[in-house]
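A.B. asks: Enclosed is the structure file start.cif (mmCIF, C-alpha atoms).
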data_work
loop_
_atom_site.label_atom_id
_atom_site.label_comp_id
_atom_site.auth_asym_id
_atom_site.auth_seq_id
_atom_site.Cartn_x
_atom_site.Cartn_y
_atom_site.Cartn_z
CA MET A 1235 113.04 100.26 109.75
CA ILE A 1236 112.35 96.54 109.44
CA GLN A 1237 113.01 95.99 113.14
CA LYS A 1238 110.08 98.27 113.84
CA TYR A 1239 107.61 95.69 112.53
CA ALA A 1240 109.00 92.94 114.72
CA ASN A 1241 106.80 94.39 117.42
CA PRO A 1242 103.57 92.34 117.33
CA ALA A 1243 101.32 95.31 118.04
CA ARG A 1244 102.84 97.29 115.17
CA PHE A 1245 102.64 94.27 112.89
CA ASN A 1246 98.98 93.77 113.74
CA ARG A 1247 98.20 97.40 112.95
CA LEU A 1248 100.05 97.18 109.64
CA ALA A 1249 98.34 93.88 108.80
CA ALA A 1250 94.92 95.30 109.61
CA THR A 1251 95.59 98.26 107.29
CA LEU A 1252 96.91 96.11 104.44
CA LEU A 1253 94.44 93.20 104.60
CA PRO A 1254 91.48 94.87 102.82
CA TRP A 1255 93.86 96.19 100.14
CA PHE A 1256 94.93 92.62 99.40
CA ALA A 1257 91.73 90.68 99.98
CA TRP A 1258 89.22 92.73 97.95
CA PRO A 1259 91.37 93.25 94.85
CA ALA A 1260 92.25 89.53 95.01
CA ALA A 1261 88.55 88.58 94.96
CA ILE A 1262 87.72 91.04 92.18
CA LEU A 1263 90.68 90.05 89.98
CA ILE A 1264 90.05 86.32 90.41
CA PHE A 1265 86.33 86.72 89.58
CA ALA A 1266 87.17 88.83 86.53
CA GLY A 1267 89.83 86.29 85.57
CA LEU A 1268 87.34 83.42 85.90
CA TYR A 1269 84.83 85.27 83.73
CA PHE A 1270 87.34 85.71 80.91
CA ALA A 1271 88.84 82.25 81.44
CA LEU A 1272 85.52 80.40 81.22
CA PHE A 1273 83.24 82.64 79.12
CA ASN A 1274 85.18 85.18 77.20
CA SER A 1275 88.34 83.69 75.75
CA PRO A 1276 88.77 81.64 72.59
CA PRO A 1277 89.40 77.88 72.50
CA ASP A 1278 92.90 76.89 71.39
CA TYR A 1279 93.27 75.90 67.73
CA GLN A 1280 95.02 72.66 68.75
CA GLN A 1281 93.78 71.90 72.25
CA GLY A 1282 90.21 73.16 71.95
CA GLU A 1283 88.43 74.11 75.17
CA SER A 1284 90.89 72.16 77.33
CA VAL A 1285 93.21 75.18 77.14
CA ARG A 1286 91.00 76.80 79.82
CA ILE A 1287 92.81 74.65 82.40
CA MET A 1288 95.83 76.85 81.69
CA TYR A 1289 94.23 79.77 83.56
CA VAL A 1290 94.48 77.95 86.89
CA HIS A 1291 97.45 75.73 86.09
CA VAL A 1292 99.96 78.37 84.99
CA PRO A 1293 99.22 80.96 87.72
CA SER A 1294 99.45 78.18 90.36
CA ALA A 1295 102.78 77.08 88.92
CA TRP A 1296 104.08 80.68 89.06
CA MET A 1297 102.86 80.94 92.64
CA ALA A 1298 104.50 77.63 93.59
CA LEU A 1299 107.87 79.05 92.51
CA PHE A 1300 107.24 82.60 93.76
CA VAL A 1301 106.16 81.49 97.24
CA TYR A 1302 109.13 79.14 97.54
CA THR A 1303 111.54 81.91 96.57
CA CYS A 1304 109.95 84.31 99.09
CA MET A 1305 110.11 81.60 101.73
CA ALA A 1306 113.81 80.92 101.08
CA ILE A 1307 114.68 84.65 101.14
CA SER A 1308 112.77 84.99 104.38
CA CYS A 1309 114.68 82.03 105.84
CA ALA A 1310 117.98 83.62 104.81
CA VAL A 1311 116.98 86.87 106.53
CA GLY A 1312 116.04 84.85 109.61
CA LEU A 1313 119.35 82.98 109.67
CA ILE A 1314 121.61 85.95 108.93
CA TRP A 1315 119.95 88.90 110.69
CA LYS A 1316 117.91 86.87 113.20
CA HIS A 1317 114.88 88.97 112.44
CA PRO A 1318 112.05 87.43 114.49
CA LEU A 1319 109.36 87.99 111.85
CA ALA A 1320 111.37 86.29 109.10
CA HIS A 1321 110.94 82.73 110.38
CA ILE A 1322 107.28 83.41 111.11
CA ALA A 1323 106.79 84.63 107.53
CA ALA A 1324 108.47 81.50 106.15
CA GLN A 1325 106.43 79.26 108.41
CA ALA A 1326 103.22 81.03 107.36
CA ALA A 1327 104.11 80.86 103.65
CA ALA A 1328 104.98 77.16 103.47
CA PRO A 1329 101.43 75.70 103.62
CA ILE A 1330 100.26 78.28 101.07
CA GLY A 1331 103.06 77.33 98.69
CA ALA A 1332 102.33 73.66 99.21
CA CYS A 1333 98.66 74.25 98.30
CA PHE A 1334 99.55 76.13 95.11
CA THR A 1335 102.01 73.38 94.15
CA PHE A 1336 99.35 70.74 94.77
CA VAL A 1337 96.86 72.66 92.61
CA CYS A 1338 99.51 72.99 89.90
CA LEU A 1339 100.19 69.23 89.92
CA MET A 1340 96.50 68.25 89.98
CA THR A 1341 95.42 70.65 87.23
CA GLY A 1342 98.46 69.66 85.18
CA SER A 1343 97.47 66.04 85.49
CA LEU A 1344 93.88 66.84 84.47
CA TRP A 1345 95.21 68.74 81.47
CA GLY A 1346 97.74 66.05 80.55
CA LYS A 1347 95.21 63.24 80.36
CA PRO A 1348 93.17 64.60 77.41
CA ILE A 1349 96.09 66.30 75.61
CA TRP A 1350 99.08 64.01 76.18
CA GLY A 1351 97.03 60.87 76.82
CA THR A 1352 98.53 60.35 80.28
CA TRP A 1353 97.96 61.63 83.81
CA TRP A 1354 101.66 61.66 84.61
CA VAL A 1355 105.11 61.22 83.09
CA TRP A 1356 108.39 61.05 85.00
CA ASP A 1357 110.04 63.79 83.00
CA ALA A 1358 112.18 66.64 84.29
CA ARG A 1359 109.46 69.29 84.61
CA LEU A 1360 106.87 67.17 86.37
CA THR A 1361 109.39 65.44 88.61
CA SER A 1362 111.08 68.69 89.68
CA VAL A 1363 107.69 70.22 90.59
CA LEU A 1364 106.84 67.10 92.59
CA ILE A 1365 110.17 67.57 94.42
CA LEU A 1366 109.15 71.18 95.10
CA PHE A 1367 105.96 69.87 96.72
CA PHE A 1368 108.00 67.51 98.91
CA LEU A 1369 110.37 70.36 99.83
CA TYR A 1370 107.40 72.32 101.17
CA LEU A 1371 106.18 69.29 103.14
CA GLY A 1372 109.71 68.56 104.38
CA PHE A 1373 110.08 72.16 105.52
CA LEU A 1374 106.86 71.93 107.53
CA ALA A 1375 107.74 68.54 109.01
CA LEU A 1376 111.27 69.59 109.98
CA GLN A 1377 110.05 72.75 111.66
CA ASN A 1378 107.98 70.70 114.10
CA ALA A 1379 110.48 67.87 114.53
CA PHE A 1380 112.35 69.41 117.47
CA ASP A 1381 111.32 70.14 121.04
CA ASP A 1382 113.10 73.47 120.79
CA PRO A 1383 111.21 75.59 118.20
CA ALA A 1384 114.33 77.66 117.49
CA ARG A 1385 116.25 74.55 116.39
CA GLY A 1386 113.35 73.44 114.19
CA GLU A 1387 113.25 76.89 112.62
CA ARG A 1388 116.96 76.84 111.85
CA SER A 1389 116.99 73.32 110.40
CA ALA A 1390 113.93 74.02 108.24
CA ALA A 1391 115.48 77.29 107.04
CA ILE A 1392 118.63 75.45 105.92
CA LEU A 1393 116.50 72.88 104.06
CA ALA A 1394 114.59 75.71 102.33
CA LEU A 1395 117.84 77.36 101.22
CA VAL A 1396 119.36 74.11 99.91
CA GLY A 1397 116.09 73.40 98.09
CA LEU A 1398 116.24 76.78 96.36
CA ILE A 1399 118.47 75.13 93.72
CA ASN A 1400 115.30 73.38 92.51
CA VAL A 1401 113.68 76.67 91.43
CA PRO A 1402 115.94 77.39 88.41
CA ILE A 1403 115.92 73.65 87.63
CA ILE A 1404 112.12 73.77 87.33
CA HIS A 1405 112.26 76.87 85.17
CA TYR A 1406 114.86 75.50 82.73
CA SER A 1407 113.74 71.86 82.86
CA VAL A 1408 111.73 72.27 79.66
CA VAL A 1409 114.80 73.67 77.88
CA TRP A 1410 117.48 71.33 79.22
CA TRP A 1411 115.65 68.03 78.89
CA ASN A 1412 113.26 66.42 76.43
CA THR A 1413 109.75 66.60 77.72
CA LEU A 1414 106.09 66.42 76.84
CA HIS A 1415 105.63 69.70 78.67
CA GLN A 1416 105.46 72.72 76.43
CA PRO A 1417 108.16 75.39 76.78
CA ALA A 1418 107.51 78.80 78.31
CA SER A 1419 105.25 80.86 76.10
CA VAL A 1420 104.68 83.96 78.22
CA ILE A 1421 107.98 84.86 79.87
CA LYS A 1422 110.47 84.93 77.01
CA MET A 1423 112.89 87.34 75.45
CA ALA A 1424 110.95 87.81 72.20
CA GLY A 1425 107.71 88.64 74.00
CA PRO A 1426 104.80 86.32 74.72
CA ALA A 1427 103.83 83.78 72.10
CA ILE A 1428 100.15 83.68 72.97
CA HIS A 1429 97.32 85.93 71.93
CA SER A 1430 96.22 88.86 74.10
CA SER A 1431 92.71 87.36 74.51
CA MET A 1432 94.40 84.51 76.40
CA LEU A 1433 96.96 86.69 78.16
CA LEU A 1434 94.26 88.85 79.79
CA PRO A 1435 92.62 86.08 81.90
CA LEU A 1436 96.05 84.63 82.60
CA PHE A 1437 97.35 87.89 84.06
CA LEU A 1438 94.13 88.63 85.95
CA MET A 1439 94.37 85.22 87.60
CA ALA A 1440 98.11 85.57 88.22
CA ILE A 1441 97.80 88.96 89.96
CA GLY A 1442 94.67 87.76 91.80
CA PHE A 1443 96.54 84.69 93.07
CA LYS A 1444 99.46 86.85 94.19
CA LEU A 1445 97.15 89.11 96.23
CA TYR A 1446 95.33 86.06 97.59
CA PHE A 1447 98.71 84.72 98.73
CA LEU A 1448 99.46 88.01 100.52
CA THR A 1449 96.03 87.89 102.19
CA LEU A 1450 96.59 84.35 103.45
CA LEU A 1451 100.17 85.19 104.45
CA LEU A 1452 99.07 88.08 106.69
CA LEU A 1453 96.29 85.99 108.29
CA ARG A 1454 98.63 83.08 108.95
CA MET A 1455 101.44 85.28 110.27
CA LYS A 1456 99.00 86.90 112.66
CA ALA A 1457 97.82 83.49 113.89
CA LEU A 1458 101.41 82.28 114.36
CA MET A 1459 102.38 85.37 116.35
CA MET A 1460 99.31 84.97 118.53
CA ALA A 1461 100.14 81.28 119.06
CA ARG A 1462 103.63 82.31 120.17
CA ARG A 1463 102.17 84.81 122.59
CA ALA A 1464 99.78 82.18 123.95
CA ARG A 1465 102.71 79.80 124.47
CA GLY A 1466 104.64 82.48 126.33
CA MET A 1467 101.65 83.34 128.49
CA SER A 1468 100.91 79.74 129.47
CA MET A 1469 104.61 79.22 130.32
CA ALA A 1470 104.52 82.31 132.53
CA GLN A 1471 101.41 81.04 134.27
CA LEU A 1472 103.03 77.64 134.86
CA HIS A 1473 106.05 79.37 136.41
CA HIS A 1474 103.80 81.47 138.54
CA GLN A 1475 101.86 78.43 139.73
CA ALA A 1476 105.12 76.62 140.49
CA ALA A 1477 106.32 79.60 142.51
CA GLU A 1478 103.17 79.80 144.59
CA MET B 3 69.03 74.84 78.65
CA GLN B 4 70.90 73.49 75.68
CA MET B 5 73.29 76.41 75.87
CA LEU B 6 74.01 75.55 79.50
CA SER B 7 74.71 71.89 78.82
CA GLU B 8 76.86 72.88 75.86
CA PHE B 9 78.78 75.27 78.11
CA LEU B 10 79.21 72.60 80.80
CA ALA B 11 80.36 70.04 78.23
CA MET B 12 83.22 72.36 77.15
CA GLY B 13 83.62 70.68 73.80
CA GLY B 14 84.02 67.26 75.44
CA TYR B 15 86.66 68.43 77.94
CA GLY B 16 84.07 69.37 80.60
CA SER B 17 84.96 66.74 83.18
CA PHE B 18 88.66 67.66 83.06
CA ILE B 19 88.09 71.41 83.13
CA TRP B 20 85.55 71.37 85.96
CA ALA B 21 87.63 68.91 87.98
CA ALA B 22 90.65 71.25 87.60
CA TYR B 23 88.72 74.38 88.62
CA GLY B 24 86.96 72.47 91.41
CA THR B 25 90.24 71.17 92.87
CA ALA B 26 91.74 74.67 92.80
CA ALA B 27 88.68 76.17 94.50
CA ILE B 28 88.48 73.50 97.21
CA VAL B 29 92.20 73.61 98.03
CA LEU B 30 92.61 77.40 97.97
CA LEU B 31 89.36 78.27 99.76
CA GLY B 32 89.91 75.37 102.17
CA LEU B 33 93.23 76.92 103.20
CA LEU B 34 91.50 80.27 103.79
CA TYR B 35 88.88 78.55 105.95
CA LEU B 36 91.51 76.68 107.99
CA SER B 37 93.60 79.85 108.42
CA LEU B 38 90.62 81.84 109.69
CA ARG B 39 89.61 79.03 112.04
CA GLU B 40 93.14 78.85 113.44
CA LEU B 41 93.16 82.61 113.96
CA ARG B 42 89.87 82.47 115.86
CA ALA B 43 90.96 79.50 117.99
CA THR B 44 94.24 81.20 118.95
CA GLY B 45 92.38 84.41 119.77
CA ALA B 46 90.06 82.47 122.10
CA GLU B 47 93.07 80.78 123.71
CA ILE B 48 94.71 84.13 124.43
CA ALA B 49 91.48 85.53 125.85
CA ALA B 50 91.22 82.52 128.17
CA LEU B 51 94.84 82.89 129.30
CA GLU B 52 94.38 86.59 129.90
CA ALA B 53 91.28 85.92 131.99
CA ASN B 54 93.24 83.91 134.54
CA SER B 55 96.61 85.61 134.25
CA PRO B 56 98.50 85.88 137.59
CA ARG B 57 98.72 89.65 137.34
CA ARG B 58 94.97 89.97 137.01
CA ARG B 59 94.39 87.56 139.88
CA ARG B 60 96.78 89.44 142.12
CA MET B 61 95.01 92.66 141.29
CA ASP B 62 91.71 90.98 142.13
CA ASP B 63 93.08 89.90 145.50
CA GLU B 64 94.23 93.41 146.34
CA ASP B 65 90.89 94.86 145.44
CA GLY B 66 89.18 92.17 147.37
CA ASP B 67 86.51 91.78 144.70
CA GLU B 68 86.41 89.81 141.49
CA ILE B 69 86.44 91.26 138.03
CA LYS B 70 84.06 89.36 135.84
#
If you took the structure in this file and wrote it as structure tokens, what would it be?
C.D. replies:
Amino acid sequence: MIQKYANPARFNRLAATLLPWFAWPAAILIFAGLYFALFNSPPDYQQGESVRIMYVHVPSAWMALFVYTCMAISCAVGLIWKHPLAHIAAQAAAPIGACFTFVCLMTGSLWGKPIWGTWWVWDARLTSVLILFFLYLGFLALQNAFDDPARGERSAAILALVGLINVPIIHYSVVWWNTLHQPASVIKMAGPAIHSSMLLPLFLMAIGFKLYFLTLLLLRMKALMMARRARGMSMAQLHHQAAE
Amino acid sequence: MQMLSEFLAMGGYGSFIWAAYGTAAIVLLGLLYLSLRELRATGAEIAALEANSPRRRRMDDEDGDEIK
């Protein structure tokens, strides 16, 4: 069943069918989310209007972790079952995850300055997210560090799997260590601790970001598969020229 | 006019909020732009390779005329 989509032509057909179903809802949900985030949600009773940064910061943070987890699973599938699309998916996801992590760090910094009085602290949460960012960059660098793309793929996949340990560390960092960062207020056992007028834009943005990720993922996977095909074709032409 | 400047000021947090939203927009839309550009460039590369592929050239030779 999965093997079927390893065929580039089949993948392209599937991607072409799925793309509009990801891209349009992503645009609509993000615009709706922005409307509620900026115009139609209350200021926080402690943080005032600055709480509006949450609507980009928290969804980006979720995406940073979600994309990394997807990437690591994909790498595991690539290493164990040697599925050809798995490494391509991981390779396509890494820059997207790095961008979301960067946005998370930047918006967090811009939120920290007015509320905590500092752009940055070296506490567990912030440091572990910074490490996540470097894991993404390391993954991308390692992938291109070998002449043989297959070796680069394998080494990068192993790095991604080792780095997966960082994901639960990020999640629990606010519980295990003292920090300025506030604890989770949405995903908890007793239900969310924030008001529905703030949850609505948060969820619209979160689902919008997820669909935006899928849109970018399909586009990037398509480009990577085409690049592979181009490499194969130019090799074949070189061989042909050498034979002539 | 005053409503607009009040909205942009965001209770004094305006510069932080707009910088945060601006960064997110630039980074996330920038990645979309780069991805689409890469896709187009690779498509053009494949088209160029296909145009002078050995198989096509051999076929041209057999026919004795060029396919443009």
A.B. asks: Would you mind listing what lies within 12 Å of stretch 1456-1471 of chain A as JSON, numbers by chain, with all atoms listed in the file counted and same-chain residues fewer than 4 positions away left out?
C.D. replies: {"A": [1240, 1241, 1242, 1243, 1244, 1245, 1246, 1247, 1248, 1249, 1250, 1253, 1318, 1319, 1320, 1321, 1322, 1323, 1324, 1325, 1326, 1327, 1383, 1384, 1449, 1450, 1451, 1452, 1475, 1476, 1477, 1478], "B": [36, 37, 38, 39, 40, 41, 42, 43, 44, 45, 46, 47, 48, 49, 50, 51, 52, 53, 54, 55, 56, 57, 58, 59]}
A.B. asks: If I take atom CA of A:Thr1303 and atom CA of A:Leu1436, how far is one from the other in Å, to one decimal?
C.D. replies: 21.0 Å
A.B. asks: To one decimal in Å, tell me the separation between atom CA of A:Ala1257 and atom CA of B:Leu30.
C.D. replies: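 Computing it gives 13.5 Å between the two atoms.
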A.B. asks: In Å to one decimal, how far is atom CA of A:Tyr1269 from atom CA of A:Leu1434?
C.D. replies: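 Distance between the two atoms: 10.8 Å.
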A.B. asks: Taking only C-alpha atoms into account, name the residue in A:Val1420, A:Ala1332, A:Met1305, A:Ile1392 that is nearest to A:Leu1371.
C.D. replies: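 Between A:Val1420, A:Ala1332, A:Met1305, A:Ile1392, the residue approaching A:Leu1371 most closely is A:Ala1332.
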